[in-house]
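For reference, structure-v2.cif (mmCIF, N, CA and C atoms):
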data_upload
loop_
_atom_site.label_atom_id
_atom_site.label_comp_id
_atom_site.auth_asym_id
_atom_site.auth_seq_id
_atom_site.Cartn_x
_atom_site.Cartn_y
_atom_site.Cartn_z
N MET A 1 -227.73 56.07 -40.66
CA MET A 1 -228.32 55.92 -41.96
C MET A 1 -229.34 54.77 -41.96
N ALA A 2 -228.97 53.65 -41.34
CA ALA A 2 -229.88 52.50 -41.30
C ALA A 2 -231.14 52.83 -40.53
N LEU A 3 -231.01 53.59 -39.46
CA LEU A 3 -232.17 53.99 -38.67
C LEU A 3 -233.10 54.89 -39.50
N GLY A 4 -232.53 55.81 -40.25
CA GLY A 4 -233.34 56.67 -41.10
C GLY A 4 -234.06 55.89 -42.18
N ALA A 5 -233.38 54.91 -42.74
CA ALA A 5 -234.00 54.08 -43.78
C ALA A 5 -235.18 53.30 -43.23
N ARG A 6 -235.10 52.94 -41.98
CA ARG A 6 -236.18 52.20 -41.34
C ARG A 6 -237.48 52.99 -41.35
N PHE A 7 -237.38 54.29 -41.16
CA PHE A 7 -238.58 55.12 -41.13
C PHE A 7 -239.00 55.58 -42.53
N GLN A 8 -238.06 55.68 -43.44
CA GLN A 8 -238.38 56.10 -44.79
C GLN A 8 -238.89 54.96 -45.65
N ARG A 9 -238.43 53.74 -45.36
CA ARG A 9 -238.81 52.59 -46.19
C ARG A 9 -239.28 51.42 -45.35
N PRO A 10 -240.24 51.61 -44.47
CA PRO A 10 -240.69 50.46 -43.68
C PRO A 10 -241.40 49.46 -44.58
N MET A 11 -241.15 48.20 -44.35
CA MET A 11 -241.78 47.15 -45.14
C MET A 11 -242.62 46.30 -44.20
N THR A 12 -243.77 45.87 -44.69
CA THR A 12 -244.56 44.93 -43.92
C THR A 12 -244.44 43.57 -44.58
N LEU A 13 -244.56 42.54 -43.76
CA LEU A 13 -244.37 41.18 -44.23
C LEU A 13 -245.47 40.31 -43.66
N GLY A 14 -246.05 39.50 -44.52
CA GLY A 14 -247.08 38.56 -44.09
C GLY A 14 -246.72 37.16 -44.51
N VAL A 15 -247.48 36.22 -44.01
CA VAL A 15 -247.26 34.81 -44.32
C VAL A 15 -248.62 34.14 -44.45
N ARG A 16 -248.71 33.22 -45.41
CA ARG A 16 -249.94 32.45 -45.62
C ARG A 16 -249.56 30.99 -45.83
N GLY A 17 -250.47 30.11 -45.42
CA GLY A 17 -250.24 28.68 -45.60
C GLY A 17 -251.28 28.07 -46.52
N LEU A 18 -250.81 27.38 -47.54
CA LEU A 18 -251.69 26.60 -48.40
C LEU A 18 -251.63 25.19 -47.82
N VAL A 19 -252.60 24.91 -46.95
CA VAL A 19 -252.62 23.66 -46.19
C VAL A 19 -253.47 22.65 -46.96
N LEU A 20 -252.87 21.50 -47.27
CA LEU A 20 -253.54 20.45 -48.03
C LEU A 20 -253.65 19.19 -47.18
N ASP A 21 -254.86 18.66 -47.08
CA ASP A 21 -255.03 17.42 -46.34
C ASP A 21 -254.74 16.21 -47.23
N ASP A 22 -254.91 15.01 -46.69
CA ASP A 22 -254.56 13.80 -47.45
C ASP A 22 -255.53 13.52 -48.60
N GLN A 23 -256.62 14.28 -48.70
CA GLN A 23 -257.56 14.17 -49.82
C GLN A 23 -257.35 15.30 -50.83
N ASN A 24 -256.25 16.05 -50.65
CA ASN A 24 -255.90 17.19 -51.50
C ASN A 24 -256.92 18.32 -51.43
N ARG A 25 -257.57 18.43 -50.28
CA ARG A 25 -258.47 19.55 -50.03
C ARG A 25 -257.66 20.68 -49.40
N VAL A 26 -258.07 21.91 -49.68
CA VAL A 26 -257.34 23.07 -49.21
C VAL A 26 -258.08 23.72 -48.03
N LEU A 27 -257.31 24.14 -47.05
CA LEU A 27 -257.87 24.81 -45.88
C LEU A 27 -258.09 26.29 -46.19
N LEU A 28 -259.31 26.75 -45.96
CA LEU A 28 -259.64 28.17 -46.13
C LEU A 28 -260.30 28.68 -44.86
N VAL A 29 -260.12 29.97 -44.61
CA VAL A 29 -260.75 30.61 -43.46
C VAL A 29 -261.57 31.81 -43.92
N ARG A 30 -262.62 32.08 -43.15
CA ARG A 30 -263.44 33.27 -43.38
C ARG A 30 -263.36 34.12 -42.11
N HIS A 31 -262.89 35.35 -42.28
CA HIS A 31 -262.74 36.26 -41.14
C HIS A 31 -264.07 36.91 -40.78
N THR A 32 -264.14 37.42 -39.58
CA THR A 32 -265.35 38.11 -39.14
C THR A 32 -265.39 39.56 -39.61
N TYR A 33 -264.26 40.12 -40.00
CA TYR A 33 -264.16 41.55 -40.27
C TYR A 33 -263.97 41.89 -41.75
N VAL A 34 -263.93 40.89 -42.63
CA VAL A 34 -263.77 41.12 -44.06
C VAL A 34 -264.46 39.97 -44.79
N SER A 35 -265.03 40.25 -45.95
CA SER A 35 -265.75 39.21 -46.66
C SER A 35 -264.81 38.32 -47.45
N GLY A 36 -265.24 37.09 -47.71
CA GLY A 36 -264.50 36.17 -48.54
C GLY A 36 -263.74 35.12 -47.75
N PHE A 37 -263.30 34.09 -48.48
CA PHE A 37 -262.47 33.03 -47.92
C PHE A 37 -261.03 33.24 -48.35
N TYR A 38 -260.11 32.97 -47.43
CA TYR A 38 -258.69 33.22 -47.61
C TYR A 38 -257.87 32.00 -47.18
N LEU A 39 -256.64 31.96 -47.62
CA LEU A 39 -255.69 31.03 -47.03
C LEU A 39 -255.36 31.55 -45.64
N PRO A 40 -255.20 30.68 -44.65
CA PRO A 40 -254.88 31.16 -43.30
C PRO A 40 -253.50 31.82 -43.27
N GLY A 41 -253.38 32.82 -42.43
CA GLY A 41 -252.11 33.52 -42.27
C GLY A 41 -252.31 34.90 -41.72
N GLY A 42 -251.24 35.66 -41.71
CA GLY A 42 -251.29 37.02 -41.18
C GLY A 42 -249.92 37.65 -41.17
N GLY A 43 -249.80 38.69 -40.38
CA GLY A 43 -248.56 39.45 -40.33
C GLY A 43 -247.47 38.80 -39.51
N VAL A 44 -246.25 39.06 -39.94
CA VAL A 44 -245.07 38.62 -39.19
C VAL A 44 -244.78 39.71 -38.16
N GLU A 45 -244.78 39.32 -36.91
CA GLU A 45 -244.55 40.27 -35.82
C GLU A 45 -243.06 40.56 -35.65
N SER A 46 -242.77 41.66 -35.01
CA SER A 46 -241.39 42.03 -34.72
C SER A 46 -240.71 40.91 -33.92
N GLY A 47 -239.54 40.49 -34.36
CA GLY A 47 -238.80 39.44 -33.67
C GLY A 47 -239.17 38.03 -34.09
N GLU A 48 -240.16 37.88 -34.96
CA GLU A 48 -240.59 36.56 -35.41
C GLU A 48 -239.91 36.18 -36.73
N THR A 49 -239.67 34.90 -36.91
CA THR A 49 -239.26 34.40 -38.22
C THR A 49 -240.53 34.13 -39.02
N LEU A 50 -240.38 33.92 -40.32
CA LEU A 50 -241.53 33.55 -41.14
C LEU A 50 -242.17 32.27 -40.62
N MET A 51 -241.34 31.30 -40.25
CA MET A 51 -241.86 30.03 -39.76
C MET A 51 -242.59 30.20 -38.43
N ASP A 52 -242.04 31.04 -37.54
CA ASP A 52 -242.74 31.31 -36.28
C ASP A 52 -244.12 31.90 -36.55
N ALA A 53 -244.19 32.85 -37.46
CA ALA A 53 -245.46 33.51 -37.77
C ALA A 53 -246.43 32.52 -38.41
N LEU A 54 -245.94 31.69 -39.32
CA LEU A 54 -246.82 30.70 -39.95
C LEU A 54 -247.38 29.74 -38.91
N GLU A 55 -246.52 29.21 -38.06
CA GLU A 55 -246.99 28.29 -37.02
C GLU A 55 -248.01 28.96 -36.11
N ARG A 56 -247.76 30.18 -35.71
CA ARG A 56 -248.68 30.90 -34.84
C ARG A 56 -250.02 31.13 -35.53
N GLU A 57 -249.98 31.62 -36.75
CA GLU A 57 -251.22 31.94 -37.47
C GLU A 57 -252.04 30.69 -37.77
N LEU A 58 -251.41 29.61 -38.19
CA LEU A 58 -252.15 28.38 -38.47
C LEU A 58 -252.83 27.85 -37.22
N HIS A 59 -252.13 27.95 -36.10
CA HIS A 59 -252.72 27.47 -34.85
C HIS A 59 -253.85 28.39 -34.39
N GLU A 60 -253.63 29.69 -34.44
CA GLU A 60 -254.66 30.64 -34.01
C GLU A 60 -255.91 30.57 -34.87
N GLU A 61 -255.74 30.45 -36.17
CA GLU A 61 -256.88 30.55 -37.09
C GLU A 61 -257.58 29.23 -37.36
N ALA A 62 -256.86 28.09 -37.21
CA ALA A 62 -257.49 26.83 -37.62
C ALA A 62 -257.09 25.62 -36.77
N ASN A 63 -256.38 25.85 -35.66
CA ASN A 63 -255.95 24.75 -34.78
C ASN A 63 -255.05 23.74 -35.50
N VAL A 64 -254.23 24.24 -36.41
CA VAL A 64 -253.29 23.40 -37.17
C VAL A 64 -251.91 23.46 -36.51
N LEU A 65 -251.32 22.29 -36.30
CA LEU A 65 -249.94 22.19 -35.83
C LEU A 65 -249.12 21.49 -36.91
N LEU A 66 -247.96 22.04 -37.21
CA LEU A 66 -247.09 21.46 -38.23
C LEU A 66 -246.38 20.22 -37.69
N ASP A 67 -246.34 19.17 -38.52
CA ASP A 67 -245.58 17.96 -38.17
C ASP A 67 -244.20 17.98 -38.80
N GLU A 68 -244.08 18.63 -39.97
CA GLU A 68 -242.81 18.75 -40.68
C GLU A 68 -242.72 20.16 -41.24
N PRO A 69 -241.51 20.63 -41.51
CA PRO A 69 -241.38 21.96 -42.10
C PRO A 69 -242.09 22.04 -43.45
N PRO A 70 -242.83 23.10 -43.68
CA PRO A 70 -243.50 23.26 -44.97
C PRO A 70 -242.52 23.76 -46.03
N GLU A 71 -242.98 23.75 -47.27
CA GLU A 71 -242.17 24.21 -48.40
C GLU A 71 -242.51 25.66 -48.71
N LEU A 72 -241.48 26.51 -48.79
CA LEU A 72 -241.70 27.89 -49.23
C LEU A 72 -242.01 27.85 -50.71
N PHE A 73 -243.21 28.28 -51.09
CA PHE A 73 -243.61 28.25 -52.49
C PHE A 73 -243.24 29.53 -53.22
N GLY A 74 -243.45 30.68 -52.56
CA GLY A 74 -243.17 31.94 -53.24
C GLY A 74 -243.25 33.13 -52.32
N LEU A 75 -242.71 34.22 -52.81
CA LEU A 75 -242.76 35.49 -52.11
C LEU A 75 -243.40 36.49 -53.07
N TYR A 76 -244.45 37.14 -52.62
CA TYR A 76 -245.28 37.98 -53.48
C TYR A 76 -245.31 39.43 -52.98
N PHE A 77 -245.41 40.34 -53.91
CA PHE A 77 -245.61 41.75 -53.60
C PHE A 77 -247.11 42.00 -53.55
N ASN A 78 -247.60 42.47 -52.41
CA ASN A 78 -249.03 42.72 -52.20
C ASN A 78 -249.31 44.20 -52.35
N ARG A 79 -249.32 44.66 -53.57
CA ARG A 79 -249.49 46.10 -53.84
C ARG A 79 -250.90 46.59 -53.53
N ARG A 80 -251.87 45.70 -53.40
CA ARG A 80 -253.23 46.12 -53.02
C ARG A 80 -253.29 46.54 -51.56
N PHE A 81 -252.39 45.99 -50.74
CA PHE A 81 -252.37 46.34 -49.31
C PHE A 81 -251.57 47.61 -49.07
N SER A 82 -250.37 47.68 -49.63
CA SER A 82 -249.54 48.88 -49.52
C SER A 82 -248.41 48.79 -50.55
N ALA A 83 -247.68 49.86 -50.68
CA ALA A 83 -246.57 49.88 -51.62
C ALA A 83 -245.33 49.17 -51.07
N ARG A 84 -245.43 48.62 -49.86
CA ARG A 84 -244.28 47.98 -49.24
C ARG A 84 -244.60 46.63 -48.61
N ASP A 85 -245.71 46.01 -48.99
CA ASP A 85 -246.12 44.76 -48.35
C ASP A 85 -245.73 43.55 -49.19
N HIS A 86 -245.24 42.53 -48.53
CA HIS A 86 -244.87 41.27 -49.17
C HIS A 86 -245.48 40.12 -48.38
N VAL A 87 -245.80 39.04 -49.10
CA VAL A 87 -246.41 37.87 -48.48
C VAL A 87 -245.63 36.62 -48.89
N ALA A 88 -245.25 35.82 -47.92
CA ALA A 88 -244.59 34.54 -48.17
C ALA A 88 -245.66 33.45 -48.14
N LEU A 89 -245.66 32.60 -49.14
CA LEU A 89 -246.63 31.51 -49.21
C LEU A 89 -245.92 30.17 -49.04
N TYR A 90 -246.42 29.39 -48.09
CA TYR A 90 -245.88 28.06 -47.80
C TYR A 90 -246.89 26.98 -48.17
N LEU A 91 -246.40 25.85 -48.69
CA LEU A 91 -247.22 24.67 -48.91
C LEU A 91 -247.08 23.78 -47.68
N VAL A 92 -248.20 23.45 -47.07
CA VAL A 92 -248.22 22.65 -45.84
C VAL A 92 -248.92 21.33 -46.15
N ARG A 93 -248.18 20.24 -46.03
CA ARG A 93 -248.76 18.92 -46.32
C ARG A 93 -248.70 17.98 -45.12
N SER A 94 -247.89 18.30 -44.13
CA SER A 94 -247.73 17.42 -42.98
C SER A 94 -248.12 18.21 -41.71
N PHE A 95 -249.30 17.90 -41.20
CA PHE A 95 -249.85 18.65 -40.07
C PHE A 95 -250.87 17.79 -39.34
N ARG A 96 -251.34 18.32 -38.23
CA ARG A 96 -252.46 17.70 -37.52
C ARG A 96 -253.35 18.81 -36.96
N LEU A 97 -254.60 18.47 -36.80
CA LEU A 97 -255.57 19.40 -36.20
C LEU A 97 -255.70 19.05 -34.73
N THR A 98 -255.58 20.04 -33.86
CA THR A 98 -255.72 19.78 -32.43
C THR A 98 -257.18 19.59 -32.04
N GLN A 99 -258.06 20.27 -32.76
CA GLN A 99 -259.51 20.16 -32.56
C GLN A 99 -260.18 20.95 -33.67
N PRO A 100 -261.46 20.69 -33.93
CA PRO A 100 -262.15 21.50 -34.95
C PRO A 100 -262.18 22.97 -34.53
N HIS A 101 -262.16 23.85 -35.51
CA HIS A 101 -262.22 25.28 -35.21
C HIS A 101 -263.61 25.66 -34.71
N VAL A 102 -263.64 26.42 -33.64
CA VAL A 102 -264.88 26.99 -33.11
C VAL A 102 -264.86 28.47 -33.48
N PRO A 103 -265.93 28.98 -34.09
CA PRO A 103 -265.94 30.41 -34.46
C PRO A 103 -265.57 31.29 -33.26
N ASP A 104 -264.78 32.33 -33.57
CA ASP A 104 -264.37 33.27 -32.53
C ASP A 104 -264.43 34.69 -33.08
N ARG A 105 -263.85 35.64 -32.38
CA ARG A 105 -263.94 37.04 -32.81
C ARG A 105 -263.21 37.31 -34.12
N GLU A 106 -262.21 36.50 -34.46
CA GLU A 106 -261.45 36.74 -35.69
C GLU A 106 -261.88 35.83 -36.84
N ILE A 107 -262.03 34.55 -36.57
CA ILE A 107 -262.31 33.57 -37.63
C ILE A 107 -263.72 33.02 -37.46
N ALA A 108 -264.58 33.33 -38.42
CA ALA A 108 -265.96 32.87 -38.38
C ALA A 108 -266.07 31.41 -38.81
N GLU A 109 -265.16 30.98 -39.70
CA GLU A 109 -265.24 29.64 -40.25
C GLU A 109 -263.87 29.21 -40.76
N ALA A 110 -263.55 27.95 -40.56
CA ALA A 110 -262.33 27.35 -41.10
C ALA A 110 -262.68 25.94 -41.55
N GLY A 111 -262.32 25.60 -42.77
CA GLY A 111 -262.64 24.27 -43.26
C GLY A 111 -261.85 23.89 -44.49
N PHE A 112 -261.89 22.61 -44.81
CA PHE A 112 -261.21 22.08 -45.99
C PHE A 112 -262.20 21.96 -47.14
N PHE A 113 -261.75 22.34 -48.33
CA PHE A 113 -262.59 22.36 -49.52
C PHE A 113 -261.86 21.69 -50.68
N THR A 114 -262.63 20.95 -51.49
CA THR A 114 -262.04 20.37 -52.69
C THR A 114 -261.79 21.49 -53.70
N LEU A 115 -260.83 21.27 -54.58
CA LEU A 115 -260.46 22.30 -55.55
C LEU A 115 -261.60 22.65 -56.49
N ASP A 116 -262.46 21.70 -56.76
CA ASP A 116 -263.58 21.96 -57.66
C ASP A 116 -264.83 22.47 -56.94
N ALA A 117 -264.73 22.68 -55.63
CA ALA A 117 -265.88 23.17 -54.87
C ALA A 117 -265.46 24.22 -53.84
N LEU A 118 -264.58 25.13 -54.26
CA LEU A 118 -264.21 26.23 -53.37
C LEU A 118 -265.42 27.12 -53.16
N PRO A 119 -265.53 27.75 -51.99
CA PRO A 119 -266.66 28.66 -51.77
C PRO A 119 -266.70 29.74 -52.86
N ALA A 120 -267.90 30.14 -53.24
CA ALA A 120 -268.08 31.14 -54.30
C ALA A 120 -267.34 32.44 -53.99
N ASP A 121 -267.26 32.79 -52.71
CA ASP A 121 -266.62 34.06 -52.35
C ASP A 121 -265.15 33.89 -51.94
N THR A 122 -264.51 32.84 -52.43
CA THR A 122 -263.06 32.72 -52.26
C THR A 122 -262.42 33.86 -53.04
N THR A 123 -261.50 34.57 -52.42
CA THR A 123 -260.94 35.76 -53.05
C THR A 123 -260.14 35.42 -54.30
N PRO A 124 -260.08 36.36 -55.25
CA PRO A 124 -259.30 36.12 -56.47
C PRO A 124 -257.83 35.79 -56.19
N ALA A 125 -257.22 36.48 -55.23
CA ALA A 125 -255.81 36.20 -54.91
C ALA A 125 -255.65 34.79 -54.36
N THR A 126 -256.58 34.35 -53.54
CA THR A 126 -256.53 33.00 -52.99
C THR A 126 -256.66 31.97 -54.11
N ARG A 127 -257.62 32.19 -55.01
CA ARG A 127 -257.79 31.28 -56.14
C ARG A 127 -256.53 31.24 -57.02
N ALA A 128 -255.92 32.40 -57.23
CA ALA A 128 -254.71 32.46 -58.05
C ALA A 128 -253.57 31.68 -57.42
N ARG A 129 -253.35 31.83 -56.09
CA ARG A 129 -252.27 31.11 -55.43
C ARG A 129 -252.51 29.61 -55.47
N ILE A 130 -253.75 29.18 -55.28
CA ILE A 130 -254.07 27.75 -55.35
C ILE A 130 -253.78 27.22 -56.75
N SER A 131 -254.18 27.97 -57.75
CA SER A 131 -253.96 27.56 -59.14
C SER A 131 -252.47 27.49 -59.46
N GLU A 132 -251.70 28.46 -58.99
CA GLU A 132 -250.25 28.44 -59.22
C GLU A 132 -249.59 27.22 -58.58
N ALA A 133 -249.96 26.96 -57.34
CA ALA A 133 -249.30 25.90 -56.58
C ALA A 133 -249.75 24.51 -56.98
N LEU A 134 -251.02 24.36 -57.33
CA LEU A 134 -251.55 23.01 -57.54
C LEU A 134 -251.91 22.68 -58.98
N GLU A 135 -252.10 23.70 -59.80
CA GLU A 135 -252.50 23.46 -61.18
C GLU A 135 -251.47 23.95 -62.18
N LYS A 136 -250.30 24.32 -61.66
CA LYS A 136 -249.17 24.75 -62.50
C LYS A 136 -249.47 25.98 -63.36
N ALA A 137 -250.34 26.85 -62.87
CA ALA A 137 -250.59 28.12 -63.57
C ALA A 137 -249.33 28.98 -63.47
N PRO A 138 -249.14 29.90 -64.41
CA PRO A 138 -247.97 30.80 -64.32
C PRO A 138 -247.98 31.55 -62.99
N ILE A 139 -246.81 31.68 -62.41
CA ILE A 139 -246.69 32.31 -61.09
C ILE A 139 -246.52 33.82 -61.25
N SER A 140 -247.40 34.54 -60.59
CA SER A 140 -247.34 36.01 -60.61
C SER A 140 -246.40 36.49 -59.52
N PRO A 141 -245.74 37.62 -59.71
CA PRO A 141 -244.97 38.20 -58.62
C PRO A 141 -245.85 38.98 -57.64
N TYR A 142 -247.12 39.15 -57.98
CA TYR A 142 -248.04 39.96 -57.20
C TYR A 142 -249.06 39.08 -56.48
N TRP A 143 -249.36 39.47 -55.25
CA TRP A 143 -250.37 38.74 -54.50
C TRP A 143 -251.73 39.06 -55.09
#

Show me, as C-alpha cells, the structure contained in the file I just sent.
Amino acid sequence: MALGARFQRPMTLGVRGLVLDDQNRVLLVRHTYVSGFYLPGGGVESGETLMDALERELHEEANVLLDEPPELFGLYFNRRFSARDHVALYLVRSFRLTQPHVPDREIAEAGFFTLDALPADTTPATRARISEALEKAPISPYW
C-alpha cells in the first residue's frame, strides 16, 4: 500500500534561504534559465534532509557556508509549481562567504540588497516571503 501511495501521491519538496548579512541586506540570486531575482535554494534530493539541501544550495548558488543552524521560518504550498510541491523557508543570519560568486551556467548573479532597493524584477513570491519574515506581514500558506 505504501509503495502504491508513493506513485499516486508523489510530493516534491524544496528549500530556500532568506540570508541576511550584518547590514540586514538580503541575498538574492538571478538564474540563467528564468527571469527575476529569487531567494537562493532548490529541490531536496532523495536521501537529503532539509538542512543538507539548504547547505548544498546556498554553497552552490552563492558560496555561502552556514556558521550556525538557521531558523525554520515556514513551510509553504507552492501550487504554481505543482499540486504537490512544498517549500521550506529558513532564516539565515550566521554565515560566511567563501568567495564572491562568479557567474556560471546556473546562477548569473548573486548579491546582497537592501530592503528598500530590491531589484525591480524580484519575484512577487520572493517579495512576499521577505515581507512576512522581516516586516511582519501576514504569513500566507502559499508560496

Please enumerate the residues selected by the PyMOL selection byres ((chain A and resi 39) around 6) when evaluated against the supplied file, formatted as a VMD selection string.
chain A and resid 16 to 17 27 to 29 37 to 38 40 to 41 126

Exactly which residues make up the result of the PyMOL selection byres (((chain A and resi 130 and name CA) around 12) and name CA) on this file, given as a ChimeraX atom specification?
/A:16-20,24-28,38-39,73-74,89-91,113-116,118,122-129,131-140,143

Run the PyMOL selection byres (((chain A and resi 101-104 and name CA) around 12) and name CA) mentally over the shown coordinates, then write out the matched residues as number ranges by chain, using the chain letters and numbers from the document.
A: 27-33, 58-64, 97-100, 105-112

Write out as a PyMOL selection string the set of residues from chain A that DSSP, computed on the backbone, places in strand (DSSP E).
chain A and resi 12-19+26-31+37-38+41-43+64-66+71-77+85-92+95-97+107-113

Name the closest residue to Glu71 of chain A among the candidates A:Ala117, A:Tyr142, A:Gly43, A:Ser94; distances are taken between atoms, counting only N, CA and C atoms.
A:Ser94

Any idea what the distance is between atom CA of Thr49 of chain A and atom CA of Arg80 of chain A?
23.5 Å

Separating atom CA of Leu75 of chain A from atom CA of Pro141 of chain A, to the nearest tenth of an Å, is a gap of 7.4 Å

Any idea what the distance is between atom CA of Asp52 of chain A and atom CA of Gln23 of chain A?
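So the two atoms, atom CA of Asp52 of chain A and atom CA of Gln23 of chain A, lie 26.4 Å apart.
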
Write out as a short mmCIF file (atom, residue, chain, number, x, y, z; two decimals) with N, CA and C atoms, in the frame of the given file all residues of chain A that backbone DSSP assigns to alpha helix (DSSP H).
data_model
loop_
_atom_site.label_atom_id
_atom_site.label_comp_id
_atom_site.auth_asym_id
_atom_site.auth_seq_id
_atom_site.Cartn_x
_atom_site.Cartn_y
_atom_site.Cartn_z
N ALA A 2 -228.97 53.65 -41.34
CA ALA A 2 -229.88 52.50 -41.30
C ALA A 2 -231.14 52.83 -40.53
N LEU A 3 -231.01 53.59 -39.46
CA LEU A 3 -232.17 53.99 -38.67
C LEU A 3 -233.10 54.89 -39.50
N GLY A 4 -232.53 55.81 -40.25
CA GLY A 4 -233.34 56.67 -41.10
C GLY A 4 -234.06 55.89 -42.18
N ALA A 5 -233.38 54.91 -42.74
CA ALA A 5 -234.00 54.08 -43.78
C ALA A 5 -235.18 53.30 -43.23
N ARG A 6 -235.10 52.94 -41.98
CA ARG A 6 -236.18 52.20 -41.34
C ARG A 6 -237.48 52.99 -41.35
N PHE A 7 -237.38 54.29 -41.16
CA PHE A 7 -238.58 55.12 -41.13
C PHE A 7 -239.00 55.58 -42.53
N GLN A 8 -238.06 55.68 -43.44
CA GLN A 8 -238.38 56.10 -44.79
C GLN A 8 -238.89 54.96 -45.65
N LEU A 50 -240.38 33.92 -40.32
CA LEU A 50 -241.53 33.55 -41.14
C LEU A 50 -242.17 32.27 -40.62
N MET A 51 -241.34 31.30 -40.25
CA MET A 51 -241.86 30.03 -39.76
C MET A 51 -242.59 30.20 -38.43
N ASP A 52 -242.04 31.04 -37.54
CA ASP A 52 -242.74 31.31 -36.28
C ASP A 52 -244.12 31.90 -36.55
N ALA A 53 -244.19 32.85 -37.46
CA ALA A 53 -245.46 33.51 -37.77
C ALA A 53 -246.43 32.52 -38.41
N LEU A 54 -245.94 31.69 -39.32
CA LEU A 54 -246.82 30.70 -39.95
C LEU A 54 -247.38 29.74 -38.91
N GLU A 55 -246.52 29.21 -38.06
CA GLU A 55 -246.99 28.29 -37.02
C GLU A 55 -248.01 28.96 -36.11
N ARG A 56 -247.76 30.18 -35.71
CA ARG A 56 -248.68 30.90 -34.84
C ARG A 56 -250.02 31.13 -35.53
N GLU A 57 -249.98 31.62 -36.75
CA GLU A 57 -251.22 31.94 -37.47
C GLU A 57 -252.04 30.69 -37.77
N LEU A 58 -251.41 29.61 -38.19
CA LEU A 58 -252.15 28.38 -38.47
C LEU A 58 -252.83 27.85 -37.22
N HIS A 59 -252.13 27.95 -36.10
CA HIS A 59 -252.72 27.47 -34.85
C HIS A 59 -253.85 28.39 -34.39
N GLU A 60 -253.63 29.69 -34.44
CA GLU A 60 -254.66 30.64 -34.01
C GLU A 60 -255.91 30.57 -34.87
N GLU A 61 -255.74 30.45 -36.17
CA GLU A 61 -256.88 30.55 -37.09
C GLU A 61 -257.58 29.23 -37.36
N ALA A 62 -256.86 28.09 -37.21
CA ALA A 62 -257.49 26.83 -37.62
C ALA A 62 -257.09 25.62 -36.77
N PRO A 124 -260.08 36.36 -55.25
CA PRO A 124 -259.30 36.12 -56.47
C PRO A 124 -257.83 35.79 -56.19
N ALA A 125 -257.22 36.48 -55.23
CA ALA A 125 -255.81 36.20 -54.91
C ALA A 125 -255.65 34.79 -54.36
N THR A 126 -256.58 34.35 -53.54
CA THR A 126 -256.53 33.00 -52.99
C THR A 126 -256.66 31.97 -54.11
N ARG A 127 -257.62 32.19 -55.01
CA ARG A 127 -257.79 31.28 -56.14
C ARG A 127 -256.53 31.24 -57.02
N ALA A 128 -255.92 32.40 -57.23
CA ALA A 128 -254.71 32.46 -58.05
C ALA A 128 -253.57 31.68 -57.42
N ARG A 129 -253.35 31.83 -56.09
CA ARG A 129 -252.27 31.11 -55.43
C ARG A 129 -252.51 29.61 -55.47
N ILE A 130 -253.75 29.18 -55.28
CA ILE A 130 -254.07 27.75 -55.35
C ILE A 130 -253.78 27.22 -56.75
N SER A 131 -254.18 27.97 -57.75
CA SER A 131 -253.96 27.56 -59.14
C SER A 131 -252.47 27.49 -59.46
N GLU A 132 -251.70 28.46 -58.99
CA GLU A 132 -250.25 28.44 -59.22
C GLU A 132 -249.59 27.22 -58.58
N ALA A 133 -249.96 26.96 -57.34
CA ALA A 133 -249.30 25.90 -56.58
C ALA A 133 -249.75 24.51 -56.98
N LEU A 134 -251.02 24.36 -57.33
CA LEU A 134 -251.55 23.01 -57.54
C LEU A 134 -251.91 22.68 -58.98
#

Residue nearest Gly14 of chain A - candidates A:Val44, A:Ala83, A:Leu72, A:Ala120, atoms counted: all atoms listed in the file:
A:Val44

Put a box with edges along x, y and z around all the listed atoms of segment 104-111 of chain A, pad it by 3 Å on each side, then give me its centre and sizes in Å, one decimal, as lines of an AutoDock Vina configuration file.
center_x = -263.8
center_y = 30.6
center_z = -38.4
size_x = 10.6
size_y = 19.4
size_z = 18.1
